[in-house]
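**Student:** Following this message is one structure expressed as structure tokens.
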Amino acid sequence: MPFPEDGARIVRDGQTFRAGPWPGPAPTGGWGEVLAVFASEDPAAPAMLGAYGRDADGVTFTPRFVPAPSVRLRAEFRPLTGEPVVAWFGGVPQPVRAPTTRVLQVTPSADVWPENVLKLYVSFSAPMRIGVAWEHIRMLDAGGRAMGGMFVEIDQELWDPEGRRLTVLFDPGRIKRGLVDHINEGPPLTVGHRFTLEIDTFWRDARGGLLAEPFAKTITVSPPLRTPIDPAEWRLTPPVRPTDPLLVEVGRPLDAALAARAISVRRDGLVVPGETELEAAETRLAFHPKRPWTPGRYCLHADAILEDIAGNRIGRAFDIDRADPAQRDGAARDADLAFDI
Amino acid sequence: MAQSGDTTTLEKARTQRAQLKSASAIAFAPNGVLLVGDGLGGAVYAFETGDVTTSGSGPLTIDDLTGKIAALLGTTADQIRVPDIAVNPDSGNVYLAVARGAGADAETLILKADRTGEITELDQDATPHTRVALVDQPDADKVDRRGNALRTDTITDLGYVDGKVIVAGLSNEEFASTLRAIPYPFTGAAQGAGIEIWHGAHGQYETNAPIRTFISYEFDGKPEILASYTCTPLVRIPVAKLTPGAKVKGMTIAELGNMNRPLDMIAYKKDGVDYILMANSNRGVMKLDASRLGDYGPITDKIAATEGVPYETIEALQGVRRLDRFDDGRALAMVATGDALNLTTIALP
């Protein structure tokens, strides 16, 4: 629609701002001198990024991103003659979202963690806000006091691609034997003591909602787990009926994420489709085949990346004690356990 | 009227999706090549920015950086993250890795601030670039019951050292994360093969040791990296040892106080003396005397919280999250003050 001869104005057409009339080419300083749209009330803040264009008798501006609806936009147009025109758009308050997001699970799921537990996973029911984790997650001592220096608080944070599962590393400098912090500060968790992992409700999800409820998990601490994973100790219970799962008692809690990824069932070298469930506080695997078992020889395969909750791998402890001849040359390895159906 | 942030040529439609899925670390290689670590996308990009002409020599200060970027991008400051900054040594312009959005699906942008503080966007599609994929994990794309792959690498730092792009990453699953040294220019489909980094304590214990941040440094004319592990503040590793599939042990040369880890480092020279400036997680900013760096370590049998390379703490600098060399006499710092993030130029101490 053409602009009236008698009055300069700014209109918003979908995501594009149009200002006019503007009869000529861009001024030497660029279109930003003619039309600018601001998304901040800070006078020092720059105008929005975007693309300028011309139409019949006006200038158009399309922001680089669709502006957030709650942000009040101030458009300024300086026509060739007459006073500058200012128009306001947006600024629609958004309804407060009801808190619905929850912590679904924390692993290790056991109530007793070894002193040298290396990491924990927190799974949420919806994608979370990234970049604020360390303000909202903490370990409390038995007296309810927040304890600092527990975690590797990297500001990039360690999330799955969707932002639903956070990986929290305990400070490895305090876990690894022989390091200054292990000796001077001790491990993050101490044997025999009780601690509570706490996540407060002020951690917003990615859409801005608060958590529906706080999360707390109290654990006690057992002696460190310092030996390599030994598949010779695993107990396999082959299925009795064709639809039964294969059960594997591992005898120690496995890293939940790696167990799901690093363990598979194979036949003739091919992966048998199915799902691996972790049970009994990640000490037991249940492999449910997608199709009923058929008689034959199978193999349970564990990749060398498998770790228990203290970072020990198959054939290699987390911190290798080179004074121990049994460990000195240990290397993480794959393992294959055959079973017949 | 304030300056507009027009970054696109007139009438140019922006229809292509941004290629970057994330940008957790950025750095410059020679000739204005911007390296971007995209952990979520499992790749490192090299953008040939062509930004090789000096843009000015003045200082740069941007107060309320996230607020200013939010204004540029039509949102609120709580939707903006700035994971890393890098000064282009060829032009003096400052590049910012930016995420717009609160969650993992945030848009990833690279912004450029010139010495007047004007911020524009690097057009990722229009800038010539190459990419190298970092996928070498078994079943890394294995999905969960909802059909989602869960494993990611977070690139914690990267840099150009002696013809190679060195990439430090931390996995959200395995602790034994790897370092990669990828020859640059990137050639063909060659992937960045992993290097296992180890830490030895007192000649007795050995552990995997992911690197959090590093800088290049020459010892006796040979390139090395000075690195900070997630467990130990300062180790040195010769670049020549960083070959695909290698198992490399760094040499500890400093302990910098209990539970303290460097967040970022820069090397510089002042009055003929070499120094390293280091922003820390726990102990503010430290200035290390690097003039005899080669003489220290390995620290293998001492249990003092501070040991090795001597340092002083710069009390005036608080809340520094990221550092880069600005010019011969100054550094650029990204500083957290309360809830605000500021970009400021500081004189090298």
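Identifiers in this document derive from the order of the structure tokens: chains are assigned A, B, ..., residues are numbered from 1 separately in each chain, and ligands are numbered from 1 in order of occurrence.
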Show which residues sit within 10 Å of range 46-55 of chain B, as a PyMOL selection string. Count only C-alpha atoms, and ignore same-chain residues fewer than 4 positions away.
**Tutor:** chain B and resi 26-37+88-93+114-116+122-132+165+184-186
**Student:** Output N, CA and C atoms for every residue in that selection, as a compact mmCIF listing (two decimals), in the first residue's frame.
**Tutor:**
# COMPACT_ATOMS: atom_id res chain seq x y z
N ILE B 26 36.39 -20.37 20.10
CA ILE B 26 36.83 -19.79 18.84
C ILE B 26 38.27 -19.29 19.00
N ALA B 27 38.99 -19.23 17.88
CA ALA B 27 40.39 -18.76 17.90
C ALA B 27 40.79 -18.40 16.48
N PHE B 28 41.88 -17.65 16.37
CA PHE B 28 42.35 -17.27 15.04
C PHE B 28 43.59 -18.04 14.62
N ALA B 29 43.59 -18.44 13.35
CA ALA B 29 44.78 -18.94 12.66
C ALA B 29 45.29 -17.76 11.84
N PRO B 30 46.48 -17.87 11.22
CA PRO B 30 47.01 -16.75 10.44
C PRO B 30 46.07 -16.34 9.30
N ASN B 31 46.27 -15.14 8.81
CA ASN B 31 45.55 -14.60 7.65
C ASN B 31 44.05 -14.47 7.88
N GLY B 32 43.67 -14.12 9.09
CA GLY B 32 42.27 -13.84 9.36
C GLY B 32 41.37 -15.06 9.31
N VAL B 33 41.93 -16.24 9.51
CA VAL B 33 41.09 -17.45 9.50
C VAL B 33 40.55 -17.69 10.91
N LEU B 34 39.23 -17.70 11.00
CA LEU B 34 38.57 -17.90 12.30
C LEU B 34 38.22 -19.37 12.46
N LEU B 35 38.74 -19.97 13.52
CA LEU B 35 38.44 -21.37 13.83
C LEU B 35 37.28 -21.40 14.81
N VAL B 36 36.29 -22.24 14.53
CA VAL B 36 35.12 -22.33 15.40
C VAL B 36 34.92 -23.79 15.78
N GLY B 37 34.90 -24.07 17.07
CA GLY B 37 34.66 -25.42 17.56
C GLY B 37 33.18 -25.63 17.78
N ASN B 88 41.11 -10.90 16.44
CA ASN B 88 41.80 -11.18 15.17
C ASN B 88 43.10 -10.37 15.16
N PRO B 89 44.24 -11.04 15.26
CA PRO B 89 45.49 -10.28 15.35
C PRO B 89 45.80 -9.50 14.08
N ASP B 90 45.21 -9.90 12.97
CA ASP B 90 45.48 -9.20 11.71
C ASP B 90 44.73 -7.88 11.59
N SER B 91 43.57 -7.77 12.22
CA SER B 91 42.76 -6.56 12.07
C SER B 91 42.51 -5.84 13.39
N GLY B 92 42.65 -6.54 14.49
CA GLY B 92 42.31 -5.95 15.78
C GLY B 92 40.83 -6.03 16.10
N ASN B 93 40.04 -6.57 15.18
CA ASN B 93 38.62 -6.73 15.47
C ASN B 93 38.40 -7.91 16.42
N ASP B 114 34.07 -4.00 16.10
CA ASP B 114 35.27 -3.25 15.71
C ASP B 114 35.68 -2.33 16.86
N ARG B 115 36.72 -1.56 16.64
CA ARG B 115 37.27 -0.77 17.75
C ARG B 115 36.34 0.37 18.18
N THR B 116 35.31 0.69 17.39
CA THR B 116 34.35 1.69 17.84
C THR B 116 33.26 1.05 18.69
N LEU B 122 29.05 -12.03 11.32
CA LEU B 122 29.78 -12.74 10.27
C LEU B 122 28.76 -13.58 9.50
N ASP B 123 28.69 -13.35 8.20
CA ASP B 123 27.75 -14.12 7.38
C ASP B 123 28.37 -15.49 7.11
N GLN B 124 27.87 -16.49 7.85
CA GLN B 124 28.51 -17.83 7.79
C GLN B 124 28.43 -18.44 6.40
N ASP B 125 27.31 -18.17 5.72
CA ASP B 125 27.14 -18.79 4.40
C ASP B 125 28.00 -18.11 3.35
N ALA B 126 28.13 -16.79 3.47
CA ALA B 126 28.85 -16.05 2.44
C ALA B 126 30.36 -16.06 2.66
N THR B 127 30.80 -16.43 3.87
CA THR B 127 32.23 -16.44 4.15
C THR B 127 32.82 -17.78 3.73
N PRO B 128 33.84 -17.78 2.87
CA PRO B 128 34.43 -19.06 2.47
C PRO B 128 34.88 -19.84 3.71
N HIS B 129 34.56 -21.11 3.73
CA HIS B 129 34.94 -21.88 4.91
C HIS B 129 35.19 -23.33 4.56
N THR B 130 35.93 -23.99 5.42
CA THR B 130 36.13 -25.43 5.33
C THR B 130 35.75 -26.02 6.68
N ARG B 131 35.55 -27.33 6.67
CA ARG B 131 35.01 -27.98 7.87
C ARG B 131 35.68 -29.33 8.00
N VAL B 132 35.96 -29.73 9.22
CA VAL B 132 36.47 -31.09 9.45
C VAL B 132 35.61 -31.73 10.53
N VAL B 165 45.51 -27.43 13.75
CA VAL B 165 44.45 -26.94 14.62
C VAL B 165 44.32 -27.95 15.76
N TYR B 184 46.23 -28.03 9.18
CA TYR B 184 45.46 -26.99 8.50
C TYR B 184 46.32 -26.42 7.38
N PRO B 185 45.82 -26.18 6.15
CA PRO B 185 44.41 -26.28 5.75
C PRO B 185 43.88 -27.71 5.83
N PHE B 186 42.57 -27.82 6.14
CA PHE B 186 41.95 -29.13 6.22
C PHE B 186 41.98 -29.76 4.84
**Student:** What are the nearest atom pairs, with distances in Å to one decimal, for all residues of range 69-185 of chain A that come at most 6 Å from range 29-36 of chain A, using only C-alpha atoms, set out by chain and rising residue number as JSON lines?
**Tutor:**
{"residue": "A:Ala75", "atom": "CA", "partner": "A:Ala36", "partner_atom": "CA", "distance": 5.7}
{"residue": "A:Glu76", "atom": "CA", "partner": "A:Ala36", "partner_atom": "CA", "distance": 5.4}
{"residue": "A:Phe77", "atom": "CA", "partner": "A:Leu35", "partner_atom": "CA", "distance": 4.6}
{"residue": "A:Arg78", "atom": "CA", "partner": "A:Val34", "partner_atom": "CA", "distance": 5.1}
**Student:** In terms of the shortest atom-to-atom distance over only C-alpha atoms, which of B:Ile346, B:Ile69, B:Met251, B:Ile276 is closest to Tyr311 in chain B?
**Tutor:**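 Among the listed residues, B:Ile276 lies closest to Tyr311 in chain B.
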**Student:** Counting only C-alpha atoms, which residues of chain A sit at most 7 Å from some atom of chain B, and what is each one's closest atom pair with its distance in Å to one decimal, listed by chain and rising residue number, as a Markdown table?
**Tutor:**
| residue | atom | partner | partner_atom | distance |
| --- | --- | --- | --- | --- |
| A:Gly32 | CA | B:Ser4 | CA | 4.8 |
| A:Glu33 | CA | B:Met1 | CA | 6.9 |
| A:Ala36 | CA | B:Ser4 | CA | 6.1 |
| A:Phe38 | CA | B:Ala71 | CA | 6.7 |
| A:Ala39 | CA | B:Ala71 | CA | 4.9 |
| A:Ser40 | CA | B:Ala71 | CA | 5.3 |
| A:Ala45 | CA | B:Lys68 | CA | 5.3 |
| A:Pro46 | CA | B:Leu72 | CA | 6.1 |
| A:Ala47 | CA | B:Ser4 | CA | 4.8 |
| A:Met48 | CA | B:Leu72 | CA | 4.0 |
| A:Leu49 | CA | B:Gly5 | CA | 4.7 |
| A:Gly50 | CA | B:Asp6 | CA | 5.8 |
| A:Ala51 | CA | B:Thr8 | CA | 5.7 |
| A:Tyr52 | CA | B:Leu10 | CA | 5.5 |
| A:Gly53 | CA | B:Glu11 | CA | 4.8 |
| A:Arg64 | CA | B:Leu73 | CA | 6.8 |
| A:Phe65 | CA | B:Leu73 | CA | 6.2 |
| A:Pro67 | CA | B:Gly74 | CA | 4.4 |
| A:Ala68 | CA | B:Thr75 | CA | 5.2 |
| A:Val71 | CA | B:Thr75 | CA | 6.4 |
| A:Pro127 | CA | B:Gly103 | CA | 6.5 |
| A:Met128 | CA | B:Gly103 | CA | 5.7 |
| A:Arg129 | CA | B:Gly103 | CA | 4.7 |
| A:Ile130 | CA | B:Gly103 | CA | 5.5 |
| A:Gly149 | CA | B:Met259 | CA | 6.8 |
| A:Gln156 | CA | B:Ser24 | CA | 6.5 |
| A:Leu158 | CA | B:Asn172 | CA | 5.2 |
| A:Trp159 | CA | B:Asn172 | CA | 6.5 |
| A:Asp160 | CA | B:Leu150 | CA | 4.8 |
| A:Pro161 | CA | B:Leu150 | CA | 6.2 |
| A:Glu162 | CA | B:Ala104 | CA | 5.6 |
| A:Gly163 | CA | B:Ala104 | CA | 5.0 |
| A:Thr167 | CA | B:Asn172 | CA | 5.6 |
| A:Asp171 | CA | B:Cys231 | CA | 6.9 |
| A:Pro172 | CA | B:Cys231 | CA | 5.2 |
| A:Gly173 | CA | B:Cys231 | CA | 3.9 |
| A:Arg177 | CA | B:Tyr205 | CA | 6.8 |
| A:Gly178 | CA | B:Ala201 | CA | 5.4 |
| A:Leu179 | CA | B:Ala201 | CA | 6.2 |
| A:Val180 | CA | B:Ile303 | CA | 5.6 |
| A:Asp181 | CA | B:Asn258 | CA | 5.8 |
| A:Ala206 | CA | B:Gly103 | CA | 4.6 |
| A:Ala257 | CA | B:Glu173 | CA | 6.3 |
| A:Leu258 | CA | B:Glu173 | CA | 6.4 |
| A:Arg261 | CA | B:Lys142 | CA | 6.5 |
| A:Ile305 | CA | B:Glu174 | CA | 6.9 |
| A:Gly311 | CA | B:Phe175 | CA | 6.9 |
| A:Phe318 | CA | B:Thr207 | CA | 6.2 |
| A:Asp319 | CA | B:Thr207 | CA | 4.8 |
| A:Ile320 | CA | B:Glu206 | CA | 5.0 |
| A:Asp321 | CA | B:Tyr205 | CA | 4.8 |
| A:Arg322 | CA | B:Gln204 | CA | 5.0 |
| A:Ala323 | CA | B:Gln204 | CA | 6.1 |
**Student:** Emit the selected residues as a compact mmCIF listing (two decimals), in the first residue's frame, including N, CA and C atoms.
**Tutor:**
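See selection_32.txt below for the written result:
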# COMPACT_ATOMS: atom_id res chain seq x y z
N GLY A 32 20.48 2.48 7.62
CA GLY A 32 20.32 2.62 9.06
C GLY A 32 20.09 4.05 9.50
N GLU A 33 20.48 5.01 8.66
CA GLU A 33 20.22 6.42 8.99
C GLU A 33 18.78 6.79 8.71
N ALA A 36 15.55 2.58 11.63
CA ALA A 36 16.21 1.69 12.58
C ALA A 36 15.17 1.22 13.57
N PHE A 38 14.77 -0.57 17.32
CA PHE A 38 15.51 -0.84 18.55
C PHE A 38 14.73 -1.80 19.44
N ALA A 39 15.45 -2.76 20.01
CA ALA A 39 14.80 -3.75 20.88
C ALA A 39 15.21 -3.56 22.34
N SER A 40 15.75 -2.39 22.65
CA SER A 40 16.20 -2.14 24.02
C SER A 40 15.93 -0.69 24.36
N ALA A 45 22.29 1.09 23.44
CA ALA A 45 22.17 -0.19 22.73
C ALA A 45 22.01 0.04 21.24
N PRO A 46 22.59 -0.84 20.43
CA PRO A 46 22.48 -0.69 18.97
C PRO A 46 21.10 -1.11 18.47
N ALA A 47 20.82 -0.72 17.22
CA ALA A 47 19.59 -1.17 16.57
C ALA A 47 19.69 -2.64 16.23
N MET A 48 18.54 -3.24 15.96
CA MET A 48 18.53 -4.66 15.62
C MET A 48 19.27 -4.92 14.31
N LEU A 49 19.90 -6.09 14.23
CA LEU A 49 20.49 -6.55 12.98
C LEU A 49 19.37 -6.98 12.03
N GLY A 50 19.58 -6.79 10.77
CA GLY A 50 18.59 -7.25 9.81
C GLY A 50 18.93 -6.80 8.41
N ALA A 51 18.00 -7.06 7.51
CA ALA A 51 18.23 -6.77 6.09
C ALA A 51 17.32 -5.63 5.64
N TYR A 52 17.90 -4.68 4.93
CA TYR A 52 17.13 -3.56 4.40
C TYR A 52 16.76 -3.82 2.95
N GLY A 53 15.67 -3.21 2.55
CA GLY A 53 15.27 -3.31 1.15
C GLY A 53 14.45 -2.07 0.79
N ARG A 64 16.95 -9.78 11.63
CA ARG A 64 17.69 -11.03 11.45
C ARG A 64 16.94 -12.19 12.12
N PHE A 65 16.37 -11.93 13.29
CA PHE A 65 15.59 -12.93 14.00
C PHE A 65 14.21 -12.35 14.30
N PRO A 67 11.70 -11.00 16.46
CA PRO A 67 11.89 -10.48 17.81
C PRO A 67 11.01 -11.21 18.82
N ALA A 68 11.52 -11.35 20.02
CA ALA A 68 10.72 -11.96 21.08
C ALA A 68 9.47 -11.11 21.31
N VAL A 71 9.36 -8.27 23.87
CA VAL A 71 10.29 -7.13 23.76
C VAL A 71 9.59 -5.98 23.05
N PRO A 127 13.68 -29.86 27.83
CA PRO A 127 14.96 -29.16 27.65
C PRO A 127 15.13 -28.01 28.64
N MET A 128 16.34 -27.88 29.14
CA MET A 128 16.61 -26.89 30.19
C MET A 128 17.39 -25.70 29.66
N ARG A 129 17.34 -24.63 30.46
CA ARG A 129 18.18 -23.46 30.19
C ARG A 129 19.65 -23.85 30.40
N ILE A 130 20.49 -23.47 29.47
CA ILE A 130 21.91 -23.79 29.54
C ILE A 130 22.69 -22.58 30.04
N GLY A 149 33.47 -26.56 45.51
CA GLY A 149 34.59 -27.33 45.01
C GLY A 149 34.29 -28.78 44.72
N GLN A 156 30.71 -24.09 29.69
CA GLN A 156 29.99 -24.64 28.52
C GLN A 156 28.98 -25.70 28.95
N LEU A 158 27.95 -29.74 30.15
CA LEU A 158 27.97 -30.97 29.34
C LEU A 158 26.55 -31.52 29.20
N TRP A 159 25.92 -31.21 28.09
CA TRP A 159 24.52 -31.59 27.85
C TRP A 159 24.42 -32.56 26.69
N ASP A 160 23.31 -33.29 26.66
CA ASP A 160 22.98 -34.06 25.46
C ASP A 160 22.47 -33.06 24.41
N PRO A 161 22.31 -33.50 23.15
CA PRO A 161 21.97 -32.52 22.10
C PRO A 161 20.65 -31.80 22.33
N GLU A 162 19.76 -32.40 23.10
CA GLU A 162 18.46 -31.77 23.34
C GLU A 162 18.44 -30.86 24.56
N GLY A 163 19.46 -30.95 25.38
CA GLY A 163 19.47 -30.15 26.60
C GLY A 163 18.58 -30.71 27.69
N THR A 167 25.49 -33.79 32.30
CA THR A 167 26.54 -34.60 32.90
C THR A 167 27.31 -33.71 33.87
N ASP A 171 35.11 -33.13 40.70
CA ASP A 171 36.44 -32.59 40.44
C ASP A 171 37.47 -33.72 40.41
N PRO A 172 38.00 -34.05 39.23
CA PRO A 172 38.92 -35.19 39.17
C PRO A 172 40.23 -34.93 39.90
N GLY A 173 40.56 -33.65 40.10
CA GLY A 173 41.78 -33.33 40.84
C GLY A 173 41.69 -33.77 42.30
N ARG A 177 44.28 -40.12 42.87
CA ARG A 177 45.27 -40.28 43.93
C ARG A 177 46.60 -39.65 43.52
N GLY A 178 47.27 -39.09 44.48
CA GLY A 178 48.59 -38.54 44.22
C GLY A 178 48.56 -37.08 43.81
N LEU A 179 47.40 -36.52 43.53
CA LEU A 179 47.35 -35.11 43.14
C LEU A 179 47.22 -34.24 44.40
N VAL A 180 47.69 -33.00 44.25
CA VAL A 180 47.72 -32.08 45.36
C VAL A 180 46.34 -31.91 46.01
N ASP A 181 45.32 -31.75 45.19
CA ASP A 181 43.99 -31.51 45.76
C ASP A 181 43.43 -32.75 46.44
N ALA A 206 14.10 -24.44 29.20
CA ALA A 206 14.48 -23.64 28.03
C ALA A 206 13.37 -22.69 27.60
N ALA A 257 25.06 -44.08 31.02
CA ALA A 257 25.08 -43.68 29.60
C ALA A 257 25.95 -44.61 28.78
N LEU A 258 27.12 -44.94 29.32
CA LEU A 258 28.04 -45.77 28.55
C LEU A 258 27.56 -47.22 28.46
N ARG A 261 25.31 -47.65 25.63
CA ARG A 261 25.93 -47.46 24.32
C ARG A 261 26.99 -48.50 24.02
N ILE A 305 35.16 -48.66 25.73
CA ILE A 305 34.80 -47.35 26.33
C ILE A 305 33.94 -47.51 27.58
N GLY A 311 34.76 -44.60 36.78
CA GLY A 311 35.65 -44.40 35.64
C GLY A 311 36.56 -45.57 35.34
N PHE A 318 40.64 -46.69 36.83
CA PHE A 318 40.62 -45.25 36.53
C PHE A 318 41.98 -44.63 36.79
N ASP A 319 42.48 -44.79 38.01
CA ASP A 319 43.87 -44.35 38.21
C ASP A 319 44.74 -45.58 38.38
N ILE A 320 45.56 -45.76 37.38
CA ILE A 320 46.41 -46.95 37.32
C ILE A 320 47.53 -46.79 38.34
N ASP A 321 47.66 -47.76 39.21
CA ASP A 321 48.74 -47.75 40.19
C ASP A 321 49.92 -48.50 39.59
N ARG A 322 50.91 -47.73 39.15
CA ARG A 322 52.03 -48.37 38.44
C ARG A 322 52.94 -49.16 39.38
N ALA A 323 52.73 -48.97 40.70
CA ALA A 323 53.50 -49.78 41.66
C ALA A 323 52.92 -51.19 41.76
**Student:** Can you tell me which residues surround Phe326 in chain B at a distance of at most 8 Å, considering only C-alpha atoms, apart from same-chain residues fewer than 4 positions away, and format the answer as a PyMOL selection string?
**Tutor:** chain B and resi 87+89+92+330-332+345
**Student:** Could you give me the residues within range 57-245 of chain B that DSSP places in strand (DSSP E or B), as a PyMOL selection string?
**Tutor:** chain B and resi 62+80-87+94-100+107-113+119-121+129-133+143+149+153-161+164-171+178-183+194-201+205-208+211-219+222-229+234-238
**Student:** Find the spatial neighbours of range 285-293 of chain A, counting only C-alpha atoms, within a cut-off of 12 Å - ignore same-chain residues fewer than 4 positions away - and output them as a PyMOL selection string.
**Tutor:** chain A and resi 234-256+259-260+262-267+271-281+297-298+300-302+340-341
**Student:** Considering only C-alpha atoms, can you say which of A:Phe215, A:Phe170, A:Phe339, A:Phe17 comes closest to Phe89 in chain A?
**Tutor:**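 Ranked by minimum distance to Phe89 in chain A, first place goes to A:Phe17.
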**Student:** Can you tell me how far CA of Val168 in chain A sits from CA of Ile154 in chain A, in Å to one decimal?
**Tutor:**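 One can read the CA of Val168 in chain A to CA of Ile154 in chain A distance as 9.6 Å.
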